[in-house]
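Just coords.cif here, mmCIF, C-alpha atoms and all ligand atoms:
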data_start
#
loop_
_atom_site.label_atom_id
_atom_site.label_comp_id
_atom_site.auth_asym_id
_atom_site.auth_seq_id
_atom_site.Cartn_x
_atom_site.Cartn_y
_atom_site.Cartn_z
CA MET A 1 0.00 0.00 0.00
CA SER A 2 1.17 3.53 -0.59
CA HIS A 3 0.45 7.20 -0.14
CA ASP A 4 -2.94 8.32 -1.53
CA PRO A 5 -3.00 12.02 -2.50
CA ALA A 6 -6.80 12.09 -2.08
CA LEU A 7 -6.16 11.89 1.68
CA ASP A 8 -3.77 14.86 1.76
CA PRO A 9 -6.49 17.27 2.99
CA LEU A 10 -6.43 15.37 6.30
CA PHE A 11 -2.76 16.09 6.77
CA GLN A 12 -2.57 19.85 6.20
CA PRO A 13 -1.96 22.22 9.15
CA ILE A 14 -4.63 24.65 10.30
CA THR A 15 -4.23 27.85 12.33
CA LEU A 16 -6.68 28.93 15.02
CA ARG A 17 -5.84 32.28 16.64
CA GLY A 18 -2.22 31.94 17.84
CA LEU A 19 -2.07 28.16 17.44
CA THR A 20 -1.17 26.04 14.43
CA LEU A 21 -2.32 22.41 14.58
CA PRO A 22 -0.12 20.00 12.60
CA ASN A 23 -3.04 18.31 10.81
CA ARG A 24 -6.83 18.03 10.65
CA LEU A 25 -7.13 15.01 12.94
CA ALA A 26 -8.41 15.39 16.49
CA MET A 27 -8.94 12.75 19.13
CA ALA A 28 -12.59 13.01 20.24
CA PRO A 29 -13.15 13.53 23.98
CA MET A 30 -13.73 10.17 25.66
CA THR A 31 -14.43 9.65 29.35
CA ARG A 32 -12.19 6.91 30.74
CA SER A 33 -12.67 6.95 34.54
CA ALA A 34 -8.96 6.12 34.77
CA SER A 35 -7.56 8.98 36.88
CA PRO A 36 -7.55 7.73 40.50
CA GLY A 37 -8.23 10.50 43.01
CA ASN A 38 -9.38 12.70 40.10
CA THR A 39 -5.72 13.07 39.10
CA PRO A 40 -4.15 12.03 35.78
CA ASP A 41 -1.27 9.61 36.40
CA ALA A 42 1.53 7.96 34.40
CA ALA A 43 -0.92 5.70 32.55
CA VAL A 44 -2.92 8.73 31.38
CA ILE A 45 0.31 10.31 30.10
CA ASP A 46 1.10 7.16 28.10
CA TYR A 47 -2.45 6.90 26.75
CA TYR A 48 -2.40 10.39 25.23
CA ARG A 49 1.29 10.32 24.25
CA LYS A 50 0.70 7.15 22.24
CA ARG A 51 -2.09 8.78 20.18
CA VAL A 52 0.07 11.81 19.35
CA ALA A 53 3.00 9.56 18.41
CA GLY A 54 0.52 7.75 16.15
CA GLY A 55 -0.10 10.97 14.21
CA THR A 56 -3.08 12.66 15.92
CA GLY A 57 -2.51 16.44 15.79
CA LEU A 58 -4.96 17.55 18.49
CA ILE A 59 -5.93 15.68 21.63
CA VAL A 60 -9.24 16.73 23.13
CA THR A 61 -9.09 15.15 26.55
CA GLU A 62 -11.79 13.13 28.20
CA GLY A 63 -14.39 15.28 29.96
CA VAL A 64 -12.79 17.07 32.94
CA GLY A 65 -14.95 18.13 35.88
CA VAL A 66 -15.05 21.93 36.11
CA ASP A 67 -14.41 23.76 39.35
CA GLN A 68 -18.01 23.88 40.57
CA ALA A 69 -19.24 21.80 43.49
CA ALA A 70 -21.81 19.75 41.50
CA SER A 71 -19.88 19.19 38.28
CA LEU A 72 -19.27 15.47 38.86
CA GLY A 73 -21.17 12.56 40.34
CA GLU A 74 -22.61 9.17 39.63
CA GLY A 75 -24.41 9.02 36.32
CA SER A 76 -21.59 9.31 33.77
CA GLY A 77 -18.41 7.45 34.63
CA ALA A 78 -16.81 6.87 38.03
CA PRO A 79 -16.70 10.21 39.87
CA THR A 80 -13.58 9.26 41.88
CA HIS A 81 -11.69 8.52 38.64
CA ILE A 82 -12.78 11.37 36.36
CA PRO A 83 -10.06 14.04 36.32
CA LEU A 84 -10.46 17.55 37.69
CA LEU A 85 -8.55 20.65 36.66
CA HIS A 86 -8.16 22.28 40.05
CA GLY A 87 -6.18 21.41 43.15
CA GLU A 88 -2.40 21.02 43.23
CA ARG A 89 -2.24 17.28 42.52
CA ALA A 90 -4.56 17.32 39.52
CA LEU A 91 -2.77 20.34 38.06
CA ALA A 92 0.63 18.66 38.46
CA GLY A 93 -0.79 15.57 36.72
CA TRP A 94 -2.04 17.64 33.79
CA ARG A 95 1.24 19.54 33.53
CA ALA A 96 2.98 16.21 32.89
CA VAL A 97 0.34 15.11 30.34
CA VAL A 98 0.68 18.39 28.45
CA ALA A 99 4.49 18.17 28.44
CA ALA A 100 4.36 14.63 27.03
CA VAL A 101 1.95 15.63 24.25
CA HIS A 102 4.11 18.65 23.35
CA ALA A 103 7.26 16.52 23.32
CA GLU A 104 5.65 14.38 20.59
CA GLY A 105 4.70 17.47 18.55
CA GLY A 106 0.97 17.46 19.33
CA CYS A 107 -1.50 19.95 20.80
CA ILE A 108 -3.98 19.34 23.62
CA PHE A 109 -7.21 20.96 24.85
CA PRO A 110 -8.99 19.86 28.06
CA GLN A 111 -12.72 19.24 27.61
CA LEU A 112 -14.41 21.26 30.37
CA TRP A 113 -17.45 19.34 31.51
CA HIS A 114 -20.29 19.98 33.94
CA GLN A 115 -22.65 17.02 34.16
CA GLY A 116 -25.64 19.11 35.20
CA ALA A 117 -28.75 16.96 35.63
CA PHE A 118 -26.82 13.76 34.89
CA ARG A 119 -25.14 13.89 38.29
CA VAL A 120 -27.11 11.83 40.80
CA GLU A 121 -27.94 13.99 43.82
CA GLY A 122 -25.70 13.36 46.84
CA THR A 123 -22.81 11.81 44.87
CA GLY A 124 -19.40 12.99 43.63
CA PRO A 125 -16.53 14.83 45.31
CA GLN A 126 -18.91 17.28 47.05
CA PRO A 127 -22.06 15.26 47.77
CA ALA A 128 -23.87 18.02 49.68
CA ALA A 129 -23.98 20.37 46.67
CA PRO A 130 -27.34 20.35 44.86
CA SER A 131 -27.22 19.13 41.24
CA LEU A 132 -27.76 21.90 38.70
CA ARG A 133 -30.70 21.85 36.27
CA PRO A 134 -32.01 24.97 34.47
CA SER A 135 -35.66 24.13 35.20
CA GLY A 136 -35.32 21.20 37.60
CA LEU A 137 -35.94 18.69 34.79
CA TRP A 138 -33.75 15.71 33.83
CA GLY A 139 -35.59 15.11 30.56
CA PRO A 140 -38.16 12.65 29.22
CA ASP A 141 -38.16 9.21 30.86
CA ASP A 142 -39.13 7.49 27.61
CA GLY A 143 -36.46 8.76 25.24
CA TYR A 144 -34.65 6.48 22.80
CA SER A 145 -31.52 5.98 24.88
CA THR A 146 -29.12 3.51 26.49
CA VAL A 147 -29.49 4.87 30.05
CA THR A 148 -30.86 2.23 32.41
CA PRO A 149 -34.25 2.29 34.17
CA ASP A 150 -32.42 2.08 37.55
CA TYR A 151 -30.49 5.23 36.75
CA ILE A 152 -33.59 7.05 35.48
CA ALA A 153 -35.38 6.21 38.73
CA ARG A 154 -32.61 8.02 40.65
CA VAL A 155 -32.76 11.24 38.61
CA ILE A 156 -36.24 11.64 37.17
CA ALA A 157 -37.95 13.52 40.04
CA PRO A 158 -38.02 17.26 39.28
CA THR A 159 -35.82 19.41 41.50
CA ARG A 160 -35.59 23.12 42.23
CA PRO A 161 -34.59 25.11 39.12
CA MET A 162 -31.16 26.75 39.16
CA ARG A 163 -31.01 30.08 40.94
CA GLU A 164 -29.36 33.10 39.31
CA GLU A 165 -26.45 32.86 41.76
CA GLU A 166 -25.97 29.20 40.86
CA ILE A 167 -25.80 30.14 37.20
CA ALA A 168 -23.14 32.74 37.99
CA ASP A 169 -21.27 30.21 40.13
CA ALA A 170 -21.21 27.67 37.29
CA VAL A 171 -19.99 30.27 34.77
CA ALA A 172 -17.23 31.29 37.20
CA GLY A 173 -16.27 27.61 37.68
CA PHE A 174 -15.74 27.15 33.93
CA ALA A 175 -13.59 30.29 33.87
CA ARG A 176 -11.43 29.16 36.81
CA SER A 177 -10.81 25.78 35.20
CA ALA A 178 -9.90 27.47 31.92
CA ALA A 179 -7.43 29.76 33.70
CA ASN A 180 -5.88 26.69 35.35
CA ALA A 181 -5.65 25.00 31.95
CA LYS A 182 -3.70 27.96 30.62
CA ALA A 183 -1.42 27.92 33.66
CA VAL A 184 -0.43 24.27 33.13
CA GLY A 185 0.27 24.78 29.43
CA PHE A 186 -2.79 23.52 27.53
CA ASP A 187 -2.95 24.93 23.99
CA GLY A 188 -6.66 25.77 23.95
CA ILE A 189 -9.95 25.05 25.69
CA ALA A 190 -12.69 22.63 24.62
CA ILE A 191 -16.16 23.18 26.09
CA HIS A 192 -18.67 20.34 26.43
CA GLY A 193 -21.91 21.88 25.24
CA ALA A 194 -23.54 18.65 24.03
CA SER A 195 -25.11 15.30 25.04
CA GLY A 196 -27.63 16.71 27.54
CA TYR A 197 -25.12 17.93 30.15
CA LEU A 198 -25.35 21.31 31.88
CA ILE A 199 -24.73 23.70 28.98
CA ASP A 200 -26.80 21.61 26.56
CA SER A 201 -29.67 21.43 29.04
CA PHE A 202 -30.02 25.20 28.59
CA PHE A 203 -30.08 24.78 24.78
CA TRP A 204 -32.70 21.99 24.86
CA PRO A 205 -36.35 23.14 25.22
CA GLN A 206 -37.24 19.85 26.97
CA THR A 207 -35.03 20.77 29.94
CA ASN A 208 -35.12 24.56 29.72
CA ARG A 209 -38.55 26.02 30.51
CA ARG A 210 -37.21 29.18 32.09
CA THR A 211 -39.02 32.45 31.63
CA ASP A 212 -36.07 34.71 32.54
CA ARG A 213 -33.30 35.75 30.12
CA TYR A 214 -31.92 32.17 30.06
CA GLY A 215 -35.06 30.60 28.59
CA GLY A 216 -37.44 31.06 25.65
CA ASP A 217 -36.35 31.17 22.01
CA MET A 218 -33.02 29.85 20.73
CA ALA A 219 -31.28 33.17 21.36
CA ALA A 220 -32.36 33.14 25.01
CA ARG A 221 -31.53 29.45 25.46
CA ALA A 222 -28.04 30.18 24.10
CA THR A 223 -27.40 32.78 26.84
CA PHE A 224 -25.82 30.46 29.41
CA GLY A 225 -23.43 28.93 26.84
CA VAL A 226 -22.53 32.40 25.60
CA GLU A 227 -21.80 33.57 29.15
CA VAL A 228 -19.54 30.54 29.68
CA VAL A 229 -17.62 31.28 26.47
CA ARG A 230 -17.25 34.97 27.31
CA ALA A 231 -16.01 34.21 30.83
CA ILE A 232 -13.50 31.70 29.48
CA ARG A 233 -12.28 34.17 26.87
CA ALA A 234 -11.80 36.80 29.59
CA ALA A 235 -9.89 34.28 31.71
CA ILE A 236 -7.50 33.01 29.00
CA GLY A 237 -6.89 36.15 26.93
CA PRO A 238 -6.89 36.59 23.16
CA ASP A 239 -4.39 33.97 21.94
CA MET A 240 -5.72 30.55 22.96
CA PRO A 241 -8.42 29.03 20.77
CA ILE A 242 -11.77 27.94 22.18
CA MET A 243 -13.47 24.88 20.73
CA PHE A 244 -17.15 24.32 21.45
CA ARG A 245 -18.98 20.99 21.11
CA PHE A 246 -22.71 21.12 20.43
CA GLY A 247 -25.06 18.45 19.12
CA GLN A 248 -28.68 17.57 18.51
CA TRP A 249 -28.75 14.16 20.24
CA LYS A 250 -28.90 13.79 24.01
CA GLN A 251 -27.99 10.91 26.31
CA GLN A 252 -31.60 11.22 27.51
CA ASP A 253 -32.91 10.85 23.95
CA PHE A 254 -30.85 10.16 20.84
CA ASN A 255 -33.66 11.62 18.70
CA ALA A 256 -33.68 14.96 20.52
CA ARG A 257 -33.13 18.24 18.66
CA ILE A 258 -32.18 21.70 19.89
CA ALA A 259 -32.66 23.29 16.47
CA GLU A 260 -35.52 22.27 14.18
CA THR A 261 -34.35 24.40 11.23
CA PRO A 262 -31.12 25.85 9.83
CA ASP A 263 -32.40 29.30 10.84
CA GLU A 264 -32.69 28.22 14.45
CA LEU A 265 -29.26 26.62 14.36
CA GLY A 266 -27.88 29.82 12.86
CA VAL A 267 -28.97 31.80 15.91
CA LEU A 268 -26.93 29.51 18.17
CA MET A 269 -23.92 29.34 15.84
CA ARG A 270 -23.65 33.11 15.45
CA ALA A 271 -24.08 33.67 19.19
CA LEU A 272 -21.22 31.27 19.96
CA ALA A 273 -18.96 32.72 17.26
CA GLU A 274 -19.58 36.28 18.47
CA ALA A 275 -18.84 35.24 22.06
CA GLY A 276 -15.36 34.06 21.09
CA VAL A 277 -15.53 30.46 19.83
CA ASP A 278 -12.89 29.61 17.21
CA LEU A 279 -13.69 26.01 16.33
CA ILE A 280 -17.12 24.38 16.44
CA ASP A 281 -17.32 20.62 17.01
CA ALA A 282 -20.62 19.20 15.69
CA SER A 283 -21.32 16.03 17.65
CA THR A 284 -23.13 13.46 15.51
CA ILE A 285 -23.36 9.70 15.40
CA TYR A 286 -22.66 9.62 11.61
CA PHE A 287 -20.48 12.50 10.44
CA SER A 288 -21.89 12.63 6.91
CA ALA A 289 -25.61 12.32 7.74
CA PRO A 290 -27.72 15.20 6.31
CA ALA A 291 -28.65 17.44 9.25
CA PHE A 292 -31.89 18.89 7.87
CA ASP A 293 -34.46 17.79 5.29
CA GLY A 294 -33.96 19.12 1.80
CA SER A 295 -30.14 19.33 1.84
CA PRO A 296 -27.29 16.81 1.87
CA LEU A 297 -25.19 19.06 4.14
CA SER A 298 -23.81 17.50 7.34
CA LEU A 299 -24.24 19.14 10.75
CA ALA A 300 -20.58 20.26 10.69
CA GLY A 301 -21.26 21.69 7.22
CA TRP A 302 -24.23 23.68 8.42
CA ALA A 303 -22.30 24.85 11.49
CA ARG A 304 -19.51 26.17 9.27
CA LYS A 305 -21.87 27.87 6.84
CA LEU A 306 -23.92 29.50 9.61
CA SER A 307 -21.12 30.49 12.00
CA GLY A 308 -18.35 31.44 9.58
CA ARG A 309 -15.97 29.52 11.87
CA PRO A 310 -13.95 26.36 11.15
CA THR A 311 -15.74 23.20 12.22
CA VAL A 312 -15.01 19.60 13.19
CA ALA A 313 -17.01 16.60 11.98
CA VAL A 314 -17.21 13.49 14.15
CA GLY A 315 -19.13 10.22 14.24
CA GLY A 316 -18.33 6.84 12.79
CA ILE A 317 -15.19 7.91 10.93
CA GLY A 318 -13.10 4.85 10.01
CA LEU A 319 -15.76 2.47 11.35
CA SER A 320 -18.82 0.65 10.03
CA GLU A 321 -21.13 1.29 13.00
CA GLY A 322 -22.07 4.36 15.02
CA LEU A 323 -21.42 4.75 18.72
CA PHE A 324 -24.60 3.25 20.11
CA SER A 325 -24.99 0.50 17.58
CA SER A 326 -21.42 -0.62 18.35
CA PHE A 327 -22.25 -0.72 22.07
CA ARG A 328 -25.15 -3.03 21.20
CA THR A 329 -23.42 -5.26 18.66
CA GLY A 330 -20.09 -5.41 20.47
CA GLY A 331 -17.92 -3.68 17.90
CA ALA A 332 -17.45 -2.15 14.48
CA ALA A 333 -15.51 -3.17 11.40
CA VAL A 334 -13.11 -0.92 9.55
CA GLU A 335 -14.82 1.31 6.99
CA ARG A 336 -12.85 3.42 4.55
CA ASN A 337 -15.21 6.41 4.78
CA PHE A 338 -12.26 8.67 5.59
CA HIS A 339 -11.93 9.29 1.83
CA ASP A 340 -15.34 10.95 1.98
CA ALA A 341 -14.20 12.99 5.02
CA ALA A 342 -11.07 14.15 3.18
CA ALA A 343 -13.11 15.10 0.11
CA ARG A 344 -15.51 17.15 2.25
CA ILE A 345 -12.58 18.99 3.85
CA ALA A 346 -11.16 19.70 0.39
CA ALA A 347 -14.57 21.01 -0.73
CA GLY A 348 -14.77 23.36 2.28
CA GLU A 349 -17.74 21.64 3.94
CA PHE A 350 -15.84 21.38 7.26
CA ASP A 351 -12.23 21.73 8.37
CA MET A 352 -11.26 18.88 10.68
CA ILE A 353 -12.39 15.44 11.77
CA ALA A 354 -12.39 13.88 15.22
CA LEU A 355 -11.89 10.19 15.84
CA GLY A 356 -13.27 8.44 18.89
CA ARG A 357 -13.45 4.65 18.85
CA ALA A 358 -11.07 4.38 15.89
CA LEU A 359 -8.33 5.81 18.12
CA ILE A 360 -9.26 3.55 21.00
CA ALA A 361 -8.86 0.60 18.65
CA ASP A 362 -5.76 1.91 16.93
CA PRO A 363 -3.51 4.62 18.41
CA GLU A 364 -1.54 4.52 15.12
CA TRP A 365 -4.66 5.21 12.99
CA PRO A 366 -3.45 8.52 11.43
CA ASN A 367 0.02 7.24 10.51
CA ARG A 368 -1.39 4.00 9.13
CA VAL A 369 -4.03 5.74 7.03
CA ARG A 370 -1.43 8.16 5.74
CA ARG A 371 0.83 5.27 4.71
CA GLY A 372 -2.08 3.33 3.19
CA GLU A 373 -1.86 0.53 5.78
CA PRO A 374 -4.81 -1.32 7.32
CA THR A 375 -6.19 -0.13 10.69
CA ASN A 376 -7.68 -2.10 13.57
CA ALA A 377 -11.39 -2.87 13.95
CA TYR A 378 -13.12 -1.71 17.15
CA VAL A 379 -14.25 -4.14 19.78
CA ARG A 380 -16.41 -2.83 22.63
CA ASP A 381 -14.39 -4.77 25.21
CA MET A 382 -11.41 -2.57 24.39
CA LEU A 383 -13.06 -0.01 26.67
CA ALA A 384 -12.32 -2.15 29.72
CA ARG A 385 -8.57 -2.09 29.10
CA LEU A 386 -8.17 1.25 27.38
CA ASP A 387 -4.47 1.93 27.12
C1 LIG A 401 -16.02 5.52 25.79
C2 LIG A 401 -16.54 6.82 25.27
C3 LIG A 401 -16.56 7.92 26.11
C4 LIG A 401 -17.02 9.16 25.64
N1 LIG A 401 -16.94 10.27 26.47
C5 LIG A 401 -17.22 11.51 25.98
C6 LIG A 401 -16.93 12.68 26.74
O1 LIG A 401 -16.39 12.65 27.85
N2 LIG A 401 -17.25 13.87 26.17
C7 LIG A 401 -17.82 13.97 24.94
O2 LIG A 401 -18.10 15.07 24.48
N3 LIG A 401 -18.09 12.87 24.20
C8 LIG A 401 -17.75 11.65 24.67
N4 LIG A 401 -17.92 10.54 23.87
C9 LIG A 401 -18.36 10.71 22.45
C10 LIG A 401 -17.14 10.84 21.52
O3 LIG A 401 -16.42 12.04 21.76
C11 LIG A 401 -17.54 10.82 20.05
O4 LIG A 401 -18.30 11.96 19.75
C12 LIG A 401 -18.35 9.58 19.69
O5 LIG A 401 -17.70 8.41 20.19
C13 LIG A 401 -18.51 9.45 18.17
O6 LIG A 401 -17.25 9.30 17.56
P1 LIG A 401 -16.75 7.84 17.01
O7 LIG A 401 -17.86 7.32 16.18
O8 LIG A 401 -15.50 8.18 16.23
O9 LIG A 401 -16.48 6.97 18.19
C14 LIG A 401 -17.49 9.28 24.32
C15 LIG A 401 -17.48 8.15 23.49
C16 LIG A 401 -16.99 6.95 23.93
C17 LIG A 401 -16.90 5.77 22.98
#
Would you give me this structure, written as structure tokens?
Ligand SMILES: Cc1cc2nc3c(=O)[nH]c(=O)nc-3n(C[C@H](O)[C@H](O)[C@H](O)COP(=O)(O)O)c2cc1C
Amino acid sequence: MSHDPALDPLFQPITLRGLTLPNRLAMAPMTRSASPGNTPDAAVIDYYRKRVAGGTGLIVTEGVGVDQAASLGEGSGAPTHIPLLHGERALAGWRAVVAAVHAEGGCIFPQLWHQGAFRVEGTGPQPAAPSLRPSGLWGPDDGYSTVTPDYIARVIAPTRPMREEEIADAVAGFARSAANAKAVGFDGIAIHGASGYLIDSFFWPQTNRRTDRYGGDMAARATFGVEVVRAIRAAIGPDMPIMFRFGQWKQQDFNARIAETPDELGVLMRALAEAGVDLIDASTIYFSAPAFDGSPLSLAGWARKLSGRPTVAVGGIGLSEGLFSSFRTGGAAVERNFHDAAARIAAGEFDMIALGRALIADPEWPNRVRRGEPTNAYVRDMLARLD
């Protein structure tokens, strides 16, 4: 096998503010629950270093609990083993991860994550803190989803809606974590604004019924996310890029939508771009799926067109099955759809791709694809011994 020039668009650098990424390949954020005491250790360093040595230009870390009392708990991963980005030990751990990624020539952004309604009340590092929900709602209990009935029973009862001071406290927590990320040498900030977690629960009308300035039409529902971006921008200054992940699907319901039309999506995209986002990551299960009726354009394509910012496509790249179907079937075969991804980058539909399970299965994926060599299939059990 040999070099295929049709794949060259994947291997061109891209500049975002003061940062040049070596290529168009990002590692998608993937929770591992493998940082004991909420602190990344030597195994975490090796895990990320290996992916950069394998040719990935940008690591987006697993979700990192932001510096707010209710950011982590039971519900999504093991709260004692999800990393934080505050406290001396966690910061020292990240400093070593960042240094290892830089030594291999890669870039790294932490994904700042607040679980919002997903955190089971009374769990996590600060069990007494109330979980944060814009309107006290977790979401529908009959969504198309892989969450278990036992879990739903623990979270479904409505709680008190977030108070204004809790909103301000959460925004400030994101900003503190971003400032810490800058201090330990991260190259940019990734914000988790998808999958039904705190920021997304403001975007989603099912969980945001507020009648103040944080609720109502898309512009109002975007307000919390915009405040988070602005606070992060103020905390990190003008040079570091901010990447923002949004998506239609929710853990509570894979068929959920925050925007019914391109016009509605445009309101959110422009608000994020104006607030200071440099790279928009459109979370989908199949990267090339048309996002709206009447057009073949992908969600990352729409996001680019509507925001005027570079975008990242993700979902099923290099693999035959999407995320949830591979959880059900136990794996996914190799699929050479990365030619399609490269062609869409060349055509200006989107700018980068992110790889999730393909990089779990094969840390060498980028180098192998570049050299025209076969890559590994994904087997769900790989998650249990992620290294
Ligand atoms: C084990 C696992 C953990 C994940 N954790 C996160 C996470 O912490 N944050 C996030 O935004 N997405 C998370 N995702 C979603 C991925 O970032 C990605 O969007 C999804 O896997 C689709 O990409 P893929 O088809 O290339 O795997 C996770 C996915 C997997 C498989």
Go ahead and compute the interatomic distance for CA of Gln12 (chain A) and CA of Ala343 (chain A), in Å to one decimal. 13.1 Å
CA of Ala220 (chain A) and CA of Ala271 (chain A) are how many Å apart? 10.1 Å
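When only C-alpha atoms are used to compute distances to Ser325 (chain A), the closest of the residues A:Leu355, A:Met162, A:Ile285, A:Ala313 turns out to be A:Ile285.
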Which residues come within 6 Å of Ser307 (chain A), counting only C-alpha atoms, excluding same-chain residues fewer than 3 positions away, as an MDAnalysis selection string? chainID A and resid 269:270 303:304
Determine, counting only C-alpha atoms, every residue of protein, DNA or RNA that lies within 10 Å of (2.5, 19.3, 22.6) in the file coordinates, then give the result as an MDAnalysis selection string. chainID A and resid 21 49 52 57:59 97:108 185:187
What lies within 9 Å of Gln248 (chain A) using all atoms listed in the file, ignoring chain neighbours under 3 positions off, as a ChimeraX atom specification? /A:194-195,204,254-259,282-284
Identify, counting all atoms listed in the file, the protein, DNA and RNA residues located within 8 Å of ligand LIG 401 (chain A), and give them as a PyMOL selection string. chain A and resi 27-32+61-64+111+113+192-195+245+283-286+314-319+321-323+354-359+383
Between A:Leu306, A:Val229, A:Ile242, A:Leu72, which one has atoms that come closest to Thr261 (chain A), using only C-alpha atoms?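 Answer, going by the shortest atom-to-atom distance: A:Leu306.
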What's the separation between CA of Asp253 (chain A) and CA of Asp212 (chain A), in Å to one decimal place?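 Interatomic distance, CA of Asp253 (chain A) to CA of Asp212 (chain A): 25.6 Å.
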Given only C-alpha atoms as the counted atoms, nearest of A:Ile232, A:Thr211, A:Arg380, A:Met218 to Thr329 (chain A):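 Nearest candidate to Thr329 (chain A) out of A:Ile232, A:Thr211, A:Arg380, A:Met218: A:Arg380.
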Out of A:Ala361, A:Ala342, A:Val184, A:Ala6, which residue has the shortest atom-to-atom distance to Glu88 (chain A) when counting only C-alpha atoms?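 Nearest to Glu88 (chain A): A:Val184.
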Please provide the set of residues having any atom within 12 Å of Thr123 (chain A), restricted to only C-alpha atoms, with same-chain residues fewer than 6 positions apart removed, written as JSON, numbers by chain. {"A": [69, 70, 71, 72, 73, 74, 75, 76, 77, 78, 79, 80, 115, 129, 130, 131, 154, 155]}
Let me know the centre plus edge lengths, in Å and rounded to one decimal, of a box with edges along x, y and z that contains all listed atoms of region 119-136 of chain A and is padded by 4 Å on every side, as AutoDock Vina command-line options.
--center_x -26.1 --center_y 18.4 --center_z 42.1 --size_x 27.1 --size_y 21.2 --size_z 23.2
Might you pull out every residue within 7 Å of region 298-300 of chain A, with all atoms listed in the file counted and same-chain residues fewer than 5 positions away left off, and present them as a PyMOL selection string? chain A and resi 282+287-291+311-313+350
Selected residue, from A:Ile360, A:Leu137, A:Met352, A:Val66, that lies nearest to Thr15 (chain A) when counting all atoms listed in the file: A:Met352
For a cut-off of 10 Å around (-21.6, 30.6, 32.3), file coordinates, pick out all residues using only C-alpha atoms and list them as a short mmCIF file (atom, residue, chain, number, x, y, z; two decimals) with C-alpha atoms, in the frame of the given file.
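So result.cif came out as:
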data_model
loop_
_atom_site.label_atom_id
_atom_site.label_comp_id
_atom_site.auth_asym_id
_atom_site.auth_seq_id
_atom_site.Cartn_x
_atom_site.Cartn_y
_atom_site.Cartn_z
CA GLU A 166 -25.97 29.20 40.86
CA ILE A 167 -25.80 30.14 37.20
CA ALA A 168 -23.14 32.74 37.99
CA ASP A 169 -21.27 30.21 40.13
CA ALA A 170 -21.21 27.67 37.29
CA VAL A 171 -19.99 30.27 34.77
CA ALA A 172 -17.23 31.29 37.20
CA GLY A 173 -16.27 27.61 37.68
CA PHE A 174 -15.74 27.15 33.93
CA ALA A 175 -13.59 30.29 33.87
CA ILE A 199 -24.73 23.70 28.98
CA THR A 223 -27.40 32.78 26.84
CA PHE A 224 -25.82 30.46 29.41
CA GLY A 225 -23.43 28.93 26.84
CA VAL A 226 -22.53 32.40 25.60
CA GLU A 227 -21.80 33.57 29.15
CA VAL A 228 -19.54 30.54 29.68
CA VAL A 229 -17.62 31.28 26.47
CA ARG A 230 -17.25 34.97 27.31
CA ALA A 231 -16.01 34.21 30.83
CA ILE A 232 -13.50 31.70 29.48
#
